[in-house]
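J.: Please find query-v9.cif (mmCIF, C-alpha atoms) on the next line:
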```
data_run
loop_
_atom_site.group_PDB
_atom_site.id
_atom_site.type_symbol
_atom_site.label_atom_id
_atom_site.label_comp_id
_atom_site.auth_asym_id
_atom_site.auth_seq_id
_atom_site.Cartn_x
_atom_site.Cartn_y
_atom_site.Cartn_z
ATOM 1 C CA MET A 11 114.868 -34.586 45.963
ATOM 2 C CA THR A 12 116.144 -32.166 48.603
ATOM 3 C CA LYS A 13 114.175 -31.216 51.634
ATOM 4 C CA LEU A 14 113.624 -27.688 50.325
ATOM 5 C CA ALA A 15 112.162 -29.044 47.133
ATOM 6 C CA GLN A 16 109.790 -31.271 49.081
ATOM 7 C CA ILE A 17 108.550 -28.314 51.149
ATOM 8 C CA SER A 18 107.998 -26.205 48.033
ATOM 9 C CA LEU A 19 106.057 -29.029 46.388
ATOM 10 C CA SER A 20 103.872 -29.466 49.445
ATOM 11 C CA ILE A 21 103.062 -25.753 49.542
ATOM 12 C CA LEU A 22 102.192 -25.842 45.840
ATOM 13 C CA LEU A 23 99.868 -28.811 46.265
ATOM 14 C CA VAL A 24 98.079 -27.137 49.194
ATOM 15 C CA PHE A 25 97.648 -23.972 47.156
ATOM 16 C CA LEU A 26 96.265 -25.846 44.153
ATOM 17 C CA TYR A 27 93.849 -27.786 46.339
ATOM 18 C CA HIS A 28 92.573 -24.611 47.930
ATOM 19 C CA CYS A 29 91.999 -22.962 44.540
ATOM 20 C CA THR A 30 90.169 -26.011 43.215
ATOM 21 C CA THR A 31 87.825 -26.158 46.210
ATOM 22 C CA THR A 32 86.968 -22.438 46.030
ATOM 23 C CA SER A 33 86.273 -22.434 42.283
ATOM 24 C CA GLY A 34 84.010 -25.477 42.571
ATOM 25 C CA GLN A 35 81.426 -23.680 44.652
ATOM 26 C CA PRO A 36 78.393 -22.416 42.580
ATOM 27 C CA ALA A 37 78.279 -18.681 42.008
ATOM 28 C CA GLN A 38 75.327 -16.870 43.578
ATOM 29 C CA ALA A 39 72.756 -15.701 40.988
ATOM 30 C CA PRO A 40 72.111 -11.946 40.857
ATOM 31 C CA THR A 41 68.759 -10.738 42.153
ATOM 32 C CA LEU A 42 66.504 -9.434 39.321
ATOM 33 C CA PRO A 43 63.755 -6.829 39.844
ATOM 34 C CA ALA A 44 60.199 -8.176 39.888
ATOM 35 C CA VAL A 45 58.375 -7.757 36.529
ATOM 36 C CA ALA A 46 54.601 -7.363 36.464
ATOM 37 C CA PRO A 47 52.828 -9.866 34.198
ATOM 38 C CA LYS A 48 51.987 -8.389 30.796
ATOM 39 C CA ARG A 49 48.312 -7.577 30.461
ATOM 40 C CA THR A 50 46.713 -9.176 27.397
ATOM 41 C CA GLY A 51 44.347 -6.952 25.396
ATOM 42 C CA PRO A 52 41.155 -7.888 23.574
ATOM 43 C CA PRO A 53 41.384 -10.504 20.842
ATOM 44 C CA ASP A 54 42.379 -9.033 17.498
ATOM 45 C CA VAL A 55 40.642 -10.835 14.625
ATOM 46 C CA THR A 56 42.989 -9.356 12.018
ATOM 47 C CA LYS A 57 46.161 -10.504 13.819
ATOM 48 C CA ILE A 58 44.727 -13.936 14.606
ATOM 49 C CA LEU A 59 43.972 -14.586 10.917
ATOM 50 C CA GLN A 60 47.286 -13.059 9.847
ATOM 51 C CA ASN A 61 49.182 -15.434 12.136
ATOM 52 C CA MET A 62 47.151 -18.394 10.893
ATOM 53 C CA GLY A 63 48.212 -17.859 7.275
ATOM 54 C CA GLY A 64 46.093 -18.442 4.188
ATOM 55 C CA PHE A 65 43.672 -15.571 4.889
ATOM 56 C CA SER A 66 45.514 -12.697 3.185
ATOM 57 C CA ILE A 67 42.507 -11.483 1.162
ATOM 58 C CA LEU A 68 40.220 -11.443 4.186
ATOM 59 C CA VAL A 69 42.914 -9.722 6.254
ATOM 60 C CA ARG A 70 43.301 -7.066 3.556
ATOM 61 C CA LEU A 71 39.542 -6.454 3.495
ATOM 62 C CA LEU A 72 39.378 -6.258 7.291
ATOM 63 C CA LYS A 73 42.045 -3.537 7.189
ATOM 64 C CA SER A 74 40.791 -1.564 4.168
ATOM 65 C CA THR A 75 37.183 -1.456 5.358
ATOM 66 C CA GLY A 76 38.063 -0.700 8.983
ATOM 67 C CA VAL A 77 35.931 -3.622 10.195
ATOM 68 C CA GLY A 78 38.941 -5.239 11.900
ATOM 69 C CA ASP A 79 39.628 -2.149 14.022
ATOM 70 C CA GLN A 80 35.935 -1.813 14.756
ATOM 71 C CA LEU A 81 35.784 -5.368 16.090
ATOM 72 C CA LYS A 82 38.877 -4.851 18.239
ATOM 73 C CA GLY A 83 37.423 -1.690 19.728
ATOM 74 C CA GLN A 84 34.118 -3.348 20.526
ATOM 75 C CA LEU A 85 35.855 -6.358 22.104
ATOM 76 C CA ASN A 86 37.423 -3.991 24.657
ATOM 77 C CA ASN A 87 34.087 -4.372 26.389
ATOM 78 C CA SER A 88 34.202 -7.793 28.044
ATOM 79 C CA ASN A 89 30.435 -8.148 27.612
ATOM 80 C CA THR A 90 30.711 -8.023 23.823
ATOM 81 C CA ARG A 91 30.584 -11.323 21.933
ATOM 82 C CA PHE A 92 31.179 -12.148 18.268
ATOM 83 C CA THR A 93 31.216 -15.137 15.942
ATOM 84 C CA VAL A 94 33.243 -14.730 12.751
ATOM 85 C CA PHE A 95 33.039 -16.893 9.617
ATOM 86 C CA ALA A 96 36.397 -16.690 7.824
ATOM 87 C CA PRO A 97 36.730 -17.766 4.163
ATOM 88 C CA ASN A 98 40.337 -18.490 3.196
ATOM 89 C CA ASP A 99 42.165 -17.341 0.086
ATOM 90 C CA ASN A 100 41.057 -20.421 -1.827
ATOM 91 C CA ALA A 101 37.405 -19.544 -1.201
ATOM 92 C CA PHE A 102 37.953 -16.014 -2.553
ATOM 93 C CA SER A 103 39.770 -17.351 -5.613
ATOM 94 C CA ASN A 104 36.697 -19.429 -6.483
ATOM 95 C CA LEU A 105 34.562 -16.310 -6.848
ATOM 96 C CA LYS A 106 33.547 -15.163 -10.303
ATOM 97 C CA ALA A 107 36.117 -12.825 -11.810
ATOM 98 C CA GLY A 108 35.485 -9.196 -10.927
ATOM 99 C CA THR A 109 33.139 -9.959 -8.027
ATOM 100 C CA LEU A 110 35.051 -7.921 -5.458
ATOM 101 C CA ASN A 111 35.967 -5.177 -7.926
ATOM 102 C CA SER A 112 32.289 -4.618 -8.692
ATOM 103 C CA LEU A 113 31.658 -3.531 -5.097
ATOM 104 C CA ASN A 114 32.133 -0.020 -3.796
ATOM 105 C CA ASN A 115 33.614 0.643 -0.348
ATOM 106 C CA GLU A 116 30.254 0.599 1.400
ATOM 107 C CA ASP A 117 29.330 -2.718 -0.221
ATOM 108 C CA LYS A 118 32.664 -4.235 0.865
ATOM 109 C CA VAL A 119 31.939 -3.206 4.453
ATOM 110 C CA ARG A 120 28.546 -4.923 4.200
ATOM 111 C CA LEU A 121 30.144 -8.041 2.737
ATOM 112 C CA ILE A 122 32.633 -8.389 5.633
ATOM 113 C CA GLN A 123 30.002 -7.557 8.253
ATOM 114 C CA PHE A 124 27.812 -10.263 6.704
ATOM 115 C CA HIS A 125 30.401 -12.816 7.944
ATOM 116 C CA ILE A 126 30.036 -11.650 11.577
ATOM 117 C CA LEU A 127 27.323 -12.558 14.088
ATOM 118 C CA PRO A 128 26.889 -10.246 17.107
ATOM 119 C CA THR A 129 26.684 -13.260 19.447
ATOM 120 C CA TYR A 130 29.100 -15.965 20.570
ATOM 121 C CA TYR A 131 28.120 -19.396 19.200
ATOM 122 C CA THR A 132 29.689 -22.783 19.702
ATOM 123 C CA LEU A 133 29.083 -25.490 17.123
ATOM 124 C CA ALA A 134 26.630 -27.089 19.546
ATOM 125 C CA ASN A 135 24.717 -23.803 19.830
ATOM 126 C CA PHE A 136 23.947 -23.868 16.108
ATOM 127 C CA GLN A 137 21.736 -26.910 16.643
ATOM 128 C CA THR A 138 19.203 -24.894 18.628
ATOM 129 C CA VAL A 139 19.337 -21.410 17.050
ATOM 130 C CA SER A 140 16.248 -19.790 15.552
ATOM 131 C CA ASN A 141 16.827 -18.875 11.936
ATOM 132 C CA PRO A 142 17.367 -16.504 10.288
ATOM 133 C CA LEU A 143 20.251 -15.088 12.325
ATOM 134 C CA ARG A 144 21.081 -11.419 12.569
ATOM 135 C CA THR A 145 24.453 -10.340 11.166
ATOM 136 C CA GLN A 146 26.508 -7.202 11.701
ATOM 137 C CA ALA A 147 25.445 -6.086 8.208
ATOM 138 C CA GLY A 148 21.795 -5.728 9.136
ATOM 139 C CA ASP A 149 18.970 -7.536 10.870
ATOM 140 C CA ASN A 150 17.289 -10.920 10.729
ATOM 141 C CA LYS A 151 14.418 -9.619 8.606
ATOM 142 C CA PRO A 152 14.145 -10.614 4.940
ATOM 143 C CA GLY A 153 16.017 -8.158 2.765
ATOM 144 C CA ASP A 154 18.267 -7.060 5.640
ATOM 145 C CA TYR A 155 21.283 -9.395 5.376
ATOM 146 C CA PRO A 156 20.111 -12.439 7.398
ATOM 147 C CA LEU A 157 21.879 -15.831 7.589
ATOM 148 C CA ASN A 158 20.564 -19.347 8.107
ATOM 149 C CA VAL A 159 22.781 -21.771 10.027
ATOM 150 C CA THR A 160 21.984 -25.419 10.663
ATOM 151 C CA SER A 161 24.100 -27.963 12.495
ATOM 152 C CA THR A 162 24.228 -31.734 12.729
ATOM 153 C CA GLY A 163 26.730 -33.052 15.213
ATOM 154 C CA SER A 164 30.057 -31.374 14.602
ATOM 155 C CA GLN A 165 29.157 -30.056 11.125
ATOM 156 C CA ALA A 166 27.484 -26.689 10.536
ATOM 157 C CA ASN A 167 26.044 -25.506 7.230
ATOM 158 C CA ILE A 168 25.381 -21.895 6.285
ATOM 159 C CA SER A 169 22.907 -20.639 3.683
ATOM 160 C CA THR A 170 22.656 -17.087 2.375
ATOM 161 C CA GLY A 171 19.942 -17.786 -0.190
ATOM 162 C CA LEU A 172 22.642 -17.530 -2.843
ATOM 163 C CA VAL A 173 25.502 -19.623 -1.407
ATOM 164 C CA ASN A 174 25.594 -22.791 0.692
ATOM 165 C CA ALA A 175 28.793 -23.063 2.718
ATOM 166 C CA THR A 176 30.192 -25.476 5.311
ATOM 167 C CA VAL A 177 32.119 -24.750 8.503
ATOM 168 C CA SER A 178 35.410 -26.581 7.980
ATOM 169 C CA GLY A 179 37.256 -25.815 11.220
ATOM 170 C CA ASN A 180 37.474 -23.904 14.485
ATOM 171 C CA LEU A 181 40.320 -21.366 14.208
ATOM 172 C CA PHE A 182 39.977 -19.535 17.532
ATOM 173 C CA SER A 183 37.716 -19.583 20.554
ATOM 174 C CA ASN A 184 37.570 -17.864 23.930
ATOM 175 C CA PHE A 185 34.739 -16.513 26.042
ATOM 176 C CA GLN A 186 34.333 -13.463 23.746
ATOM 177 C CA LEU A 187 35.166 -14.587 20.246
ATOM 178 C CA ALA A 188 34.759 -17.618 18.023
ATOM 179 C CA ILE A 189 36.309 -17.770 14.539
ATOM 180 C CA TYR A 190 35.261 -20.567 12.182
ATOM 181 C CA GLN A 191 36.751 -21.298 8.770
ATOM 182 C CA VAL A 192 34.213 -21.652 5.940
ATOM 183 C CA ASP A 193 34.807 -23.125 2.503
ATOM 184 C CA LYS A 194 33.001 -20.368 0.552
ATOM 185 C CA VAL A 195 32.617 -16.616 0.630
ATOM 186 C CA LEU A 196 29.156 -15.788 1.993
ATOM 187 C CA LEU A 197 27.445 -13.685 -0.680
ATOM 188 C CA PRO A 198 24.295 -11.889 0.496
ATOM 189 C CA LEU A 199 21.290 -11.651 -1.773
ATOM 190 C CA ASP A 200 20.996 -7.959 -0.970
ATOM 191 C CA LEU A 201 24.284 -7.227 -2.758
ATOM 192 C CA PHE A 202 24.454 -9.738 -5.579
ATOM 193 C CA VAL A 203 20.856 -10.083 -6.771
ATOM 194 C CA SER A 204 19.320 -7.085 -8.470
ATOM 195 C CA LYS A 205 16.155 -5.879 -6.803
ATOM 196 C CA ALA A 206 12.998 -4.986 -8.664
ATOM 197 C CA PRO A 207 12.589 -1.206 -8.861
ATOM 198 C CA SER A 208 10.155 0.082 -6.288
ATOM 199 C CA PRO A 209 6.964 1.595 -7.759
ATOM 200 C CA ALA A 210 6.879 5.346 -8.083
ATOM 201 C CA PRO A 211 4.808 7.057 -5.409
ATOM 202 C CA ALA A 212 1.309 7.971 -6.508
ATOM 203 C CA LEU A 213 0.966 11.637 -7.363
ATOM 204 C CA ALA A 214 -1.693 13.619 -5.575
ATOM 205 C CA PRO A 215 -4.527 14.616 -7.938
ATOM 206 C CA ALA A 216 -4.350 18.203 -9.110
ATOM 207 C CA PRO A 217 -6.956 20.445 -7.485
ATOM 208 C CA THR A 218 -9.949 20.913 -9.740
ATOM 209 C CA LYS A 219 -11.293 24.393 -10.327
ATOM 210 C CA ALA A 220 -14.944 24.997 -9.609
ATOM 211 C CA LYS A 221 -16.875 25.197 -12.861
ATOM 212 C CA PRO A 222 -18.886 28.399 -13.306
ATOM 213 C CA LYS A 223 -22.610 27.936 -13.177
ATOM 214 C CA PRO A 224 -24.169 28.060 -16.648
ATOM 215 C CA LYS A 225 -26.162 31.193 -17.387
ATOM 216 C CA PRO A 226 -29.879 30.579 -17.863
ATOM 217 C CA LYS A 227 -30.781 30.483 -21.511
ATOM 218 C CA PRO A 228 -33.368 33.038 -22.665
ATOM 219 C CA LYS A 229 -36.758 31.614 -23.383
ATOM 220 C CA GLN A 230 -37.343 31.277 -27.054
ATOM 221 C CA THR A 231 -40.693 31.736 -28.758
ATOM 222 C CA THR A 232 -41.464 28.900 -31.049
ATOM 223 C CA ILE A 233 -42.022 30.197 -34.581
ATOM 224 C CA ALA A 234 -43.771 28.009 -37.044
ATOM 225 C CA SER A 235 -41.351 26.846 -39.641
ATOM 226 C CA SER A 236 -41.866 25.720 -43.145
ATOM 227 C CA PRO A 237 -43.138 22.176 -43.543
ATOM 228 C CA LYS A 238 -39.949 21.148 -45.337
ATOM 229 C CA SER A 239 -37.618 21.921 -42.422
ATOM 230 C CA THR A 240 -36.882 19.123 -39.998
ATOM 231 C CA PRO A 241 -36.987 20.417 -36.414
ATOM 232 C CA THR A 242 -34.094 19.476 -34.148
ATOM 233 C CA PRO A 243 -35.376 17.731 -31.016
ATOM 234 C CA THR A 244 -34.734 19.929 -27.998
ATOM 235 C CA THR A 245 -35.903 19.846 -24.443
ATOM 236 C CA THR A 246 -37.435 23.187 -23.508
ATOM 237 C CA THR A 247 -39.508 24.383 -20.642
ATOM 238 C CA PRO A 248 -43.131 24.506 -21.812
ATOM 239 C CA THR A 249 -44.300 28.153 -22.117
ATOM 240 C CA THR A 250 -47.706 29.709 -22.935
ATOM 241 C CA THR A 251 -47.513 31.479 -26.306
ATOM 242 C CA THR A 252 -50.088 34.147 -27.180
ATOM 243 C CA THR A 253 -50.605 34.488 -30.943
ATOM 244 C CA THR A 254 -51.932 37.853 -32.238
ATOM 245 C CA THR A 255 -53.752 37.674 -35.582
ATOM 246 C CA PRO A 256 -52.789 40.717 -37.722
ATOM 247 C CA THR A 257 -55.618 42.827 -39.291
ATOM 248 C CA VAL A 258 -55.530 42.575 -43.040
ATOM 249 C CA VAL A 259 -56.413 45.873 -44.902
ATOM 250 C CA ASP A 260 -57.664 45.685 -48.472
ATOM 251 C CA SER A 261 -55.595 47.995 -50.667
ATOM 252 C CA GLY A 262 -58.545 48.599 -53.080
ATOM 253 C CA ALA A 263 -60.761 50.049 -50.353
ATOM 254 C CA VAL A 264 -57.988 52.422 -49.315
ATOM 255 C CA SER A 265 -57.682 53.783 -52.876
ATOM 256 C CA LEU A 266 -61.447 54.333 -53.191
ATOM 257 C CA ALA A 267 -61.600 56.308 -49.970
ATOM 258 C CA LYS A 268 -58.755 58.554 -51.122
ATOM 259 C CA HIS A 269 -60.592 59.184 -54.427
ATOM 260 C CA ARG A 270 -63.763 60.245 -52.631
ATOM 261 C CA ILE A 271 -61.883 62.679 -50.449
ATOM 262 C CA LEU A 272 -60.267 64.281 -53.504
ATOM 263 C CA VAL A 273 -63.675 64.607 -55.278
ATOM 264 C CA LEU A 274 -65.213 66.248 -52.228
ATOM 265 C CA MET A 275 -62.351 68.664 -51.953
ATOM 266 C CA GLY A 276 -62.703 69.588 -55.643
ATOM 267 C CA ILE A 277 -66.419 70.282 -55.255
ATOM 268 C CA ALA A 278 -65.770 72.483 -52.255
ATOM 269 C CA VAL A 279 -63.175 74.504 -54.129
ATOM 270 C CA PHE A 280 -65.518 74.911 -57.109
ATOM 271 C CA ILE A 281 -68.410 76.169 -54.929
ATOM 272 C CA ALA A 282 -66.161 78.575 -53.148
ATOM 273 C CA ALA A 283 -64.871 80.008 -56.417
ATOM 274 C CA PHE A 284 -68.357 80.339 -57.878
ATOM 275 C CA SER A 285 -69.685 82.198 -54.895
ATOM 276 C CA LEU A 286 -67.065 84.857 -55.272
#
```
Translate the structure of the given file into C-alpha cells.
T.:
Amino acid sequence: MTKLAQISLSILLVFLYHCTTTSGQPAQAPTLPAVAPKRTGPPDVTKILQNMGGFSILVRLLKSTGVGDQLKGQLNNSNTRFTVFAPNDNAFSNLKAGTLNSLNNEDKVRLIQFHILPTYYTLANFQTVSNPLRTQAGDNKPGDYPLNVTSTGSQANISTGLVNATVSGNLFSNFQLAIYQVDKVLLPLDLFVSKAPSPAPALAPAPTKAKPKPKPKPKQTTIASSPKSTPTPTTTTPTTTTTTTPTVVDSGAVSLAKHRILVLMGIAVFIAAFSL
C-alpha cells in the first residue's frame, strides 16, 4: 500500500468516525403547546348503559320517552342525586307478550320514571330507609307509584306490590349517580292493575217549588139522607144548623074559600041587577 493510499484511508476512517458519533446523539423532541385538561360533563345514564351492553331495550325507552335527556339535564346541577334501577334485555324479554305495546307514551314515561329514585342510595343505605320510597313517577303515598326496598348485607330486594325483584349488581356509582342492575322490570300497580271506577258525584237535589196553599172549602149544610144511604166518614168543622119547619097548607080549605068568594060575588051582582 502506497503512502497516498494510507493517507486517504486515514481520512476516510476519521470521517466515518465523526459521522457515527454525530448520528448517535439523541434528537431533541419538539416542544408541543400546552393542552387544557378536558372537562368532563354530568354522567349520562343512556351512554353508560349503552357502553355496558345488554340494555338495548332500556336505552331505547330512555331515548324515546326523553327521560334520558331529562336526567342528564338535571345532573348538570351538582346538588342533584339519582338512583337508577336498570333491568337488562333478558328482564324485558320475560315480560308477558304485548306488555310494552299496551302502554301509551305517557305510561311509558311513568314506567321508566318508576325505576328512578330522586336520591342517591348505596346498598348499605337501603338497610335504614323508610318505606315506601318516592320515585320520579310520583310520590311515596299509596296509589302514587311508591317502591319498597329492603336490604340484608350486600343484597337488596325491591317490591312494587306486583313484582319482587333483586338487585344483581352495581353498574355505576359516583357522588351524584348510582345505577344498579335488577333482574326484573319493575311494574307499578298504578299502571298494570285496573282500578275500581270512582263513584259518580252526588247530584244536588232539584229545587222544590212551593206548593200553593189549599183554598178553604165552603161549609156544607148537612142534609138528612135516606136511611138506605151509607154516609162517607168525613171530618168537618162542627157548625150550628138552624132548621125551619115549612107551613103546610091544606088544599081543601083553599078550594072552599075560593067557592065562598065566588058565591058572594054572584049575590052582589044579582042584587045590583035587581035594583036597577
J.: If I take atom CA of Asp117 of chain A and atom CA of Leu196 of chain A, how far is one from the other in Å, to one decimal?
T.: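 These two atoms are separated by 13.3 Å.
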J.: As a list in words, please: the residues near Ala96 of chain A (cut-off 7 Å, only C-alpha atoms, same-chain neighbours under 5 positions excluded).
T.: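 Counting only C-alpha atoms, the residues come to Ile189, Tyr190, Gln191 and Val192 of chain A.
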J.: Sort by chain and increasing residue number a table of all residues of segment 127-215 of chain A within 12 Å of segment 106-116 of chain A, each with its closest pair of atoms and their distance in Å to one decimal, counting all atoms listed in the file, and write it as JSON lines.
T.:
```
{"residue": "A:Ala147", "atom": "CA", "partner": "A:Glu116", "partner_atom": "CA", "distance": 10.7}
{"residue": "A:Val195", "atom": "CA", "partner": "A:Leu110", "partner_atom": "CA", "distance": 10.9}
{"residue": "A:Leu197", "atom": "CA", "partner": "A:Thr109", "partner_atom": "CA", "distance": 10.0}
{"residue": "A:Leu201", "atom": "CA", "partner": "A:Leu113", "partner_atom": "CA", "distance": 8.6}
{"residue": "A:Phe202", "atom": "CA", "partner": "A:Thr109", "partner_atom": "CA", "distance": 9.0}
```
J.: With the file shown as input, list the residues that the PyMOL selection byres ((chain A and resi 124) around 8) selects, as a list in words.
T.: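 Given this file, the PyMOL selection byres ((chain A and resi 124) around 8) evaluates to Arg120, Leu121, Ile122, Gln123, His125, Ile126, Leu127, Thr145, Gln146, Ala147, Gly148, Tyr155, Leu196 and Pro198 of chain A.
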J.: Select, from A:Ile281, A:Gly163, A:Val119, A:Asp154, the residue with the minimum atom-to-atom distance to Asn135 of chain A, counting only C-alpha atoms.
T.: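 When distances to Asn135 of chain A are compared using only C-alpha atoms, the smallest one comes from A:Gly163.
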J.: Atom CA of Thr93 of chain A and atom CA of Ala188 of chain A, how far apart in Å?
T.: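 According to the coordinates, atom CA of Ala188 of chain A and atom CA of Thr93 of chain A are separated by 4.8 Å.
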J.: Could you tell me how far atom CA of Gln186 of chain A lies from atom CA of Asn100 of chain A, in Å and to one decimal?
T.: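 Computing the Euclidean distance for atom CA of Gln186 of chain A and atom CA of Asn100 of chain A yields 27.3 Å.
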J.: On this structure, which residues satisfy the PyMOL selection byres ((chain A and resi 175-184) around 10), written as number ranges by chain?
T.: A: 53, 55, 58-59, 62, 91, 93-97, 130-133, 159-161, 164-170, 172-174, 185-196
J.: For this file, the PyMOL selection byres ((chain A and resi 69) around 12) selects which residues, as an MDAnalysis selection string?
T.: chainID A and resid 54:68 70:79 96:99 102 122
J.: Please reconstruct the missing atoms of segment 120-139 of chain A (target: N, CA, C and O atoms) and return them as an mmCIF file, in the coordinates of the input.
T.:
```cif
data_model
loop_
_atom_site.group_PDB
_atom_site.id
_atom_site.type_symbol
_atom_site.label_atom_id
_atom_site.label_comp_id
_atom_site.auth_asym_id
_atom_site.auth_seq_id
_atom_site.Cartn_x
_atom_site.Cartn_y
_atom_site.Cartn_z
ATOM 1 N N ARG A 120 29.711 -4.052 3.990
ATOM 2 C CA ARG A 120 28.546 -4.923 4.200
ATOM 3 C C ARG A 120 28.917 -6.389 4.009
ATOM 4 O O ARG A 120 28.463 -7.255 4.752
ATOM 5 N N LEU A 121 29.755 -6.654 3.012
ATOM 6 C CA LEU A 121 30.144 -8.041 2.737
ATOM 7 C C LEU A 121 30.902 -8.623 3.926
ATOM 8 O O LEU A 121 30.624 -9.754 4.348
ATOM 9 N N ILE A 122 31.864 -7.884 4.493
ATOM 10 C CA ILE A 122 32.633 -8.389 5.633
ATOM 11 C C ILE A 122 31.745 -8.496 6.870
ATOM 12 O O ILE A 122 31.811 -9.487 7.612
ATOM 13 N N GLN A 123 30.900 -7.506 7.092
ATOM 14 C CA GLN A 123 30.002 -7.557 8.253
ATOM 15 C C GLN A 123 29.007 -8.708 8.146
ATOM 16 O O GLN A 123 28.518 -9.204 9.170
ATOM 17 N N PHE A 124 28.723 -9.141 6.912
ATOM 18 C CA PHE A 124 27.812 -10.263 6.704
ATOM 19 C C PHE A 124 28.403 -11.574 7.233
ATOM 20 O O PHE A 124 27.674 -12.532 7.479
ATOM 21 N N HIS A 125 29.725 -11.629 7.421
ATOM 22 C CA HIS A 125 30.401 -12.816 7.944
ATOM 23 C C HIS A 125 30.522 -12.791 9.469
ATOM 24 O O HIS A 125 31.200 -13.650 10.040
ATOM 25 N N ILE A 126 29.881 -11.823 10.127
ATOM 26 C CA ILE A 126 30.036 -11.650 11.577
ATOM 27 C C ILE A 126 28.674 -11.669 12.246
ATOM 28 O O ILE A 126 27.752 -10.947 11.839
ATOM 29 N N LEU A 127 28.545 -12.506 13.281
ATOM 30 C CA LEU A 127 27.323 -12.558 14.088
ATOM 31 C C LEU A 127 27.586 -11.846 15.410
ATOM 32 O O LEU A 127 28.632 -12.062 16.030
ATOM 33 N N PRO A 128 26.660 -10.995 15.864
ATOM 34 C CA PRO A 128 26.889 -10.246 17.107
ATOM 35 C C PRO A 128 26.604 -11.062 18.360
ATOM 36 O O PRO A 128 26.113 -10.535 19.360
ATOM 37 N N THR A 129 26.893 -12.349 18.319
ATOM 38 C CA THR A 129 26.684 -13.260 19.447
ATOM 39 C C THR A 129 27.749 -14.345 19.376
ATOM 40 O O THR A 129 28.199 -14.706 18.280
ATOM 41 N N TYR A 130 28.126 -14.863 20.527
ATOM 42 C CA TYR A 130 29.100 -15.965 20.570
ATOM 43 C C TYR A 130 28.352 -17.290 20.433
ATOM 44 O O TYR A 130 27.430 -17.582 21.191
ATOM 45 N N TYR A 131 28.746 -18.094 19.431
ATOM 46 C CA TYR A 131 28.120 -19.396 19.200
ATOM 47 C C TYR A 131 29.191 -20.483 19.179
ATOM 48 O O TYR A 131 30.220 -20.344 18.511
ATOM 49 N N THR A 132 28.910 -21.567 19.887
ATOM 50 C CA THR A 132 29.689 -22.783 19.702
ATOM 51 C C THR A 132 29.017 -23.608 18.617
ATOM 52 O O THR A 132 27.883 -23.316 18.203
ATOM 53 N N LEU A 133 29.698 -24.639 18.136
ATOM 54 C CA LEU A 133 29.083 -25.490 17.123
ATOM 55 C C LEU A 133 27.816 -26.153 17.655
ATOM 56 O O LEU A 133 26.838 -26.352 16.927
ATOM 57 N N ALA A 134 27.823 -26.472 18.945
ATOM 58 C CA ALA A 134 26.630 -27.089 19.546
ATOM 59 C C ALA A 134 25.479 -26.100 19.602
ATOM 60 O O ALA A 134 24.306 -26.491 19.465
ATOM 61 N N ASN A 135 25.775 -24.812 19.772
ATOM 62 C CA ASN A 135 24.717 -23.803 19.830
ATOM 63 C C ASN A 135 23.948 -23.716 18.528
ATOM 64 O O ASN A 135 22.749 -23.389 18.519
ATOM 65 N N PHE A 136 24.602 -23.995 17.406
ATOM 66 C CA PHE A 136 23.947 -23.868 16.108
ATOM 67 C C PHE A 136 22.817 -24.882 15.926
ATOM 68 O O PHE A 136 21.981 -24.727 15.032
ATOM 69 N N GLN A 137 22.798 -25.911 16.754
ATOM 70 C CA GLN A 137 21.736 -26.910 16.643
ATOM 71 C C GLN A 137 20.404 -26.396 17.175
ATOM 72 O O GLN A 137 19.352 -26.928 16.831
ATOM 73 N N THR A 138 20.439 -25.364 17.983
ATOM 74 C CA THR A 138 19.203 -24.894 18.628
ATOM 75 C C THR A 138 18.872 -23.438 18.292
ATOM 76 O O THR A 138 17.956 -22.872 18.883
ATOM 77 N N VAL A 139 19.603 -22.815 17.359
ATOM 78 C CA VAL A 139 19.337 -21.410 17.050
ATOM 79 C C VAL A 139 18.042 -21.274 16.259
ATOM 80 O O VAL A 139 17.578 -22.222 15.609
#
```
